[in-house]
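Visitor: Just model_38.csv, nothing more (CSV, C-alpha atoms):
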chain,number,residue,atom,x,y,z
H,1,MET,CA,3.2,32.3,-27.4
H,2,PRO,CA,2.3,32.9,-23.7
H,3,LYS,CA,-1.4,33.5,-22.9
H,4,LYS,CA,-3.0,34.7,-19.7
H,5,LEU,CA,-4.7,32.2,-17.5
H,6,THR,CA,-6.9,33.0,-14.5
H,7,LEU,CA,-7.1,30.4,-11.7
H,8,ASN,CA,-9.2,30.2,-8.5
H,9,ILE,CA,-6.9,28.9,-5.8
H,10,ASP,CA,-7.1,28.6,-2.0
H,11,ASP,CA,-5.7,31.6,-0.2
H,12,GLU,CA,-3.1,29.6,1.7
H,13,LEU,CA,-1.7,28.2,-1.6
H,14,ILE,CA,-1.5,31.7,-3.0
H,15,SER,CA,0.5,32.8,0.0
H,16,PHE,CA,2.7,29.8,-0.4
H,17,ALA,CA,3.2,30.4,-4.1
H,18,HIS,CA,4.2,34.0,-3.5
H,19,SER,CA,6.8,33.2,-0.9
H,20,TYR,CA,8.1,30.2,-2.8
H,21,SER,CA,8.4,32.1,-6.0
H,22,GLN,CA,10.2,35.0,-4.2
H,23,GLN,CA,12.6,32.6,-2.5
H,24,ASN,CA,13.5,30.9,-5.8
H,25,GLY,CA,13.5,33.9,-8.0
H,26,LEU,CA,10.8,32.7,-10.3
H,27,SER,CA,7.4,34.1,-11.1
H,28,ILE,CA,4.3,32.1,-10.1
H,29,SER,CA,3.5,31.8,-13.8
H,30,LYS,CA,6.9,30.2,-14.5
H,31,LEU,CA,6.5,27.9,-11.5
H,32,PHE,CA,3.2,26.7,-12.7
H,33,GLU,CA,4.5,26.3,-16.3
H,34,GLN,CA,7.4,24.2,-15.1
H,35,TYR,CA,5.1,22.1,-13.0
H,36,LEU,CA,2.8,21.4,-15.9
H,37,ALA,CA,5.8,20.6,-18.2
H,38,ARG,CA,7.2,18.2,-15.7
H,39,LEU,CA,3.8,16.6,-15.2
H,40,ARG,CA,3.4,16.1,-18.9
H,41,THR,CA,6.7,14.3,-19.3
H,42,THR,CA,6.1,12.0,-16.3
H,43,GLU,CA,2.6,11.2,-17.5
H,44,GLN,CA,3.7,10.1,-20.9
H,45,LYS,CA,3.9,6.3,-21.0
H,46,GLN,CA,7.4,5.0,-21.1
H,47,GLU,CA,8.0,1.9,-23.2
H,48,LEU,CA,9.6,-1.0,-21.3
H,49,ASN,CA,12.5,-3.0,-22.8
H,50,PRO,CA,11.4,-6.5,-23.8
H,51,LYS,CA,13.0,-8.3,-20.8
H,52,THR,CA,11.3,-6.0,-18.3
H,53,ALA,CA,8.0,-6.2,-20.2
H,54,ASN,CA,8.1,-10.0,-19.8
H,55,LEU,CA,8.4,-9.6,-16.0
H,56,TYR,CA,5.5,-7.1,-15.8
H,57,GLY,CA,2.6,-8.6,-13.8
H,58,LEU,CA,4.6,-11.7,-12.8
H,59,PHE,CA,3.4,-11.5,-9.2
H,60,GLN,CA,-0.1,-10.2,-10.0
H,61,ASP,CA,-1.8,-13.4,-8.8
H,62,SER,CA,0.6,-14.3,-6.0
H,63,PRO,CA,2.4,-11.9,-3.6
H,64,ILE,CA,6.2,-11.4,-3.8
H,65,PRO,CA,7.8,-13.6,-1.1
H,66,ASP,CA,9.6,-11.8,1.7
H,67,LYS,CA,13.3,-12.1,2.2
H,68,LYS,CA,13.1,-14.6,5.1
H,69,GLN,CA,11.0,-17.0,3.0
H,70,LEU,CA,13.4,-16.6,0.0
H,71,ARG,CA,16.4,-17.3,2.2
H,72,LYS,CA,14.7,-20.3,3.8
H,73,SER,CA,13.9,-21.8,0.3
H,74,PHE,CA,17.4,-21.1,-0.9
H,75,HIS,CA,19.0,-22.8,2.1
H,76,GLU,CA,16.7,-25.8,1.8
H,77,LYS,CA,17.5,-26.3,-1.8
H,78,SER,CA,21.2,-25.8,-1.3
H,79,SER,CA,21.3,-28.2,1.7
H,80,PHE,CA,19.4,-30.8,-0.4
H,81,TYR,CA,21.9,-30.3,-3.2
H,82,ARG,CA,24.8,-30.8,-0.9
H,83,ARG,CA,23.3,-34.0,0.6
H,84,THR,CA,22.6,-35.3,-2.9
H,85,VAL,CA,26.2,-34.6,-4.1
H,86,HIS,CA,27.9,-36.0,-1.0
H,87,ASN,CA,25.8,-39.2,-1.1
H,88,CYS,CA,26.7,-40.0,-4.7
Here is a file; write its structure as structure tokens.
Guide:
Amino acid sequence: MPKKLTLNIDDELISFAHSYSQQNGLSISKLFEQYLARLRTTEQKQELNPKTANLYGLFQDSPIPDKKQLRKSFHEKSSFYRRTVHNC
């Protein structure tokens, strides 16, 4: 059941709300209601799947390496592997 709500808002925001609501064919009340409904759904904590939960905080104590460092490490390991395989 809708109830009336009185807000104190900056004049510029009121002007923006009027023009935005007019352009989009919605009342200011409806815009505010939709905003709060969206805010409520995004604020609710979403549960992570177990694999993602295990990764959560993995880089908390050390930064994520940048791409150049990862590529360098990969190439060093792969060149070491190639030398080891060819020398056997």
Visitor: Can you work out the spacing between CA of Leu39 (chain H) and CA of Leu7 (chain H) in Å, to one decimal?
Guide: 17.9 Å
Visitor: So that I can check the surroundings of Ser29 (chain H), please list as a PyMOL selection string every protein, DNA and RNA residue that reaches within 12 Å of it, counting only C-alpha atoms and ignoring chain neighbours fewer than 2 positions away.
Guide: chain H and resi 2-7+14+17-18+21+25-27+31-36
Visitor: Kindly give the distance, in Å, that separates CA of Arg40 (chain H) and CA of Gln23 (chain H), rounded to a single decimal.
Guide: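 Rounded to one decimal, the two atoms are 25.0 Å apart.
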Visitor: Please determine an axis-aligned box that encloses all atoms of region 51-57 of chain H listed in the file, with 5 Å added on each side, and express its centre and edge lengths in Å to one decimal as lines of an AutoDock Vina configuration file.
Guide:
center_x = 7.8
center_y = -8.0
center_z = -17.3
size_x = 20.4
size_y = 14.0
size_z = 17.0
Visitor: Could you complete region 49-81 of chain H so that it carries N, CA and C atoms, and give it back as an mmCIF file, in the coordinates of the input?
Guide:
data_model
loop_
_atom_site.group_PDB
_atom_site.id
_atom_site.type_symbol
_atom_site.label_atom_id
_atom_site.label_comp_id
_atom_site.auth_asym_id
_atom_site.auth_seq_id
_atom_site.Cartn_x
_atom_site.Cartn_y
_atom_site.Cartn_z
ATOM 1 N N ASN H 49 11.687 -2.119 -21.915
ATOM 2 C CA ASN H 49 12.500 -3.000 -22.800
ATOM 3 C C ASN H 49 11.828 -4.393 -22.710
ATOM 4 N N PRO H 50 12.046 -5.250 -23.694
ATOM 5 C CA PRO H 50 11.400 -6.500 -23.800
ATOM 6 C C PRO H 50 11.551 -7.433 -22.526
ATOM 7 N N LYS H 51 12.748 -7.454 -21.939
ATOM 8 C CA LYS H 51 13.000 -8.300 -20.800
ATOM 9 C C LYS H 51 12.119 -7.817 -19.585
ATOM 10 N N THR H 52 12.061 -6.512 -19.390
ATOM 11 C CA THR H 52 11.300 -6.000 -18.300
ATOM 12 C C THR H 52 9.772 -6.180 -18.593
ATOM 13 N N ALA H 53 9.357 -6.016 -19.833
ATOM 14 C CA ALA H 53 8.000 -6.200 -20.200
ATOM 15 C C ALA H 53 7.509 -7.647 -19.907
ATOM 16 N N ASN H 54 8.409 -8.629 -20.113
ATOM 17 C CA ASN H 54 8.100 -10.000 -19.800
ATOM 18 C C ASN H 54 7.850 -10.257 -18.332
ATOM 19 N N LEU H 55 8.519 -9.485 -17.493
ATOM 20 C CA LEU H 55 8.400 -9.600 -16.000
ATOM 21 C C LEU H 55 7.148 -8.897 -15.508
ATOM 22 N N TYR H 56 6.628 -7.969 -16.280
ATOM 23 C CA TYR H 56 5.500 -7.100 -15.800
ATOM 24 C C TYR H 56 4.312 -8.016 -15.470
ATOM 25 N N GLY H 57 3.793 -7.849 -14.273
ATOM 26 C CA GLY H 57 2.600 -8.600 -13.800
ATOM 27 C C GLY H 57 2.935 -9.996 -13.336
ATOM 28 N N LEU H 58 4.202 -10.345 -13.206
ATOM 29 C CA LEU H 58 4.600 -11.700 -12.800
ATOM 30 C C LEU H 58 4.005 -12.097 -11.471
ATOM 31 N N PHE H 59 3.955 -11.171 -10.527
ATOM 32 C CA PHE H 59 3.400 -11.500 -9.200
ATOM 33 C C PHE H 59 2.014 -10.950 -8.994
ATOM 34 N N GLN H 60 1.294 -10.784 -10.077
ATOM 35 C CA GLN H 60 -0.100 -10.200 -10.000
ATOM 36 C C GLN H 60 -0.984 -11.176 -9.219
ATOM 37 N N ASP H 61 -0.882 -12.483 -9.452
ATOM 38 C CA ASP H 61 -1.800 -13.400 -8.800
ATOM 39 C C ASP H 61 -1.252 -13.959 -7.483
ATOM 40 N N SER H 62 0.041 -13.805 -7.227
ATOM 41 C CA SER H 62 0.600 -14.300 -6.000
ATOM 42 C C SER H 62 1.562 -13.186 -5.449
ATOM 43 N N PRO H 63 1.585 -12.969 -4.152
ATOM 44 C CA PRO H 63 2.400 -11.900 -3.600
ATOM 45 C C PRO H 63 3.929 -12.262 -3.738
ATOM 46 N N ILE H 64 4.740 -11.236 -3.738
ATOM 47 C CA ILE H 64 6.200 -11.400 -3.800
ATOM 48 C C ILE H 64 6.608 -11.975 -2.411
ATOM 49 N N PRO H 65 7.335 -13.089 -2.386
ATOM 50 C CA PRO H 65 7.800 -13.600 -1.100
ATOM 51 C C PRO H 65 8.715 -12.684 -0.374
ATOM 52 N N ASP H 66 8.657 -12.696 0.943
ATOM 53 C CA ASP H 66 9.600 -11.800 1.700
ATOM 54 C C ASP H 66 10.956 -12.438 1.742
ATOM 55 N N LYS H 67 11.913 -11.650 2.199
ATOM 56 C CA LYS H 67 13.300 -12.100 2.200
ATOM 57 C C LYS H 67 13.533 -13.340 3.038
ATOM 58 N N LYS H 68 12.882 -13.430 4.191
ATOM 59 C CA LYS H 68 13.100 -14.600 5.100
ATOM 60 C C LYS H 68 12.642 -15.868 4.348
ATOM 61 N N GLN H 69 11.497 -15.809 3.672
ATOM 62 C CA GLN H 69 11.000 -17.000 3.000
ATOM 63 C C GLN H 69 11.941 -17.355 1.804
ATOM 64 N N LEU H 70 12.433 -16.352 1.082
ATOM 65 C CA LEU H 70 13.400 -16.600 0.000
ATOM 66 C C LEU H 70 14.654 -17.255 0.498
ATOM 67 N N ARG H 71 15.181 -16.731 1.608
ATOM 68 C CA ARG H 71 16.400 -17.300 2.200
ATOM 69 C C ARG H 71 16.180 -18.730 2.639
ATOM 70 N N LYS H 72 15.047 -18.978 3.275
ATOM 71 C CA LYS H 72 14.700 -20.300 3.800
ATOM 72 C C LYS H 72 14.667 -21.293 2.583
ATOM 73 N N SER H 73 13.974 -20.894 1.510
ATOM 74 C CA SER H 73 13.900 -21.800 0.300
ATOM 75 C C SER H 73 15.252 -22.000 -0.279
ATOM 76 N N PHE H 74 16.075 -20.955 -0.349
ATOM 77 C CA PHE H 74 17.400 -21.100 -0.900
ATOM 78 C C PHE H 74 18.244 -22.076 -0.095
ATOM 79 N N HIS H 75 18.215 -21.921 1.234
ATOM 80 C CA HIS H 75 19.000 -22.800 2.100
ATOM 81 C C HIS H 75 18.514 -24.235 2.053
ATOM 82 N N GLU H 76 17.202 -24.416 1.953
ATOM 83 C CA GLU H 76 16.700 -25.800 1.800
ATOM 84 C C GLU H 76 17.128 -26.434 0.555
ATOM 85 N N LYS H 77 17.078 -25.693 -0.545
ATOM 86 C CA LYS H 77 17.500 -26.300 -1.800
ATOM 87 C C LYS H 77 19.012 -26.517 -1.827
ATOM 88 N N SER H 78 19.788 -25.583 -1.264
ATOM 89 C CA SER H 78 21.200 -25.800 -1.300
ATOM 90 C C SER H 78 21.656 -26.913 -0.360
ATOM 91 N N SER H 79 20.979 -27.086 0.764
ATOM 92 C CA SER H 79 21.300 -28.200 1.700
ATOM 93 C C SER H 79 20.916 -29.531 1.030
ATOM 94 N N PHE H 80 19.791 -29.547 0.308
ATOM 95 C CA PHE H 80 19.400 -30.800 -0.400
ATOM 96 C C PHE H 80 20.417 -31.109 -1.464
ATOM 97 N N TYR H 81 20.889 -30.099 -2.189
ATOM 98 C CA TYR H 81 21.900 -30.300 -3.200
ATOM 99 C C TYR H 81 23.176 -30.859 -2.621
#
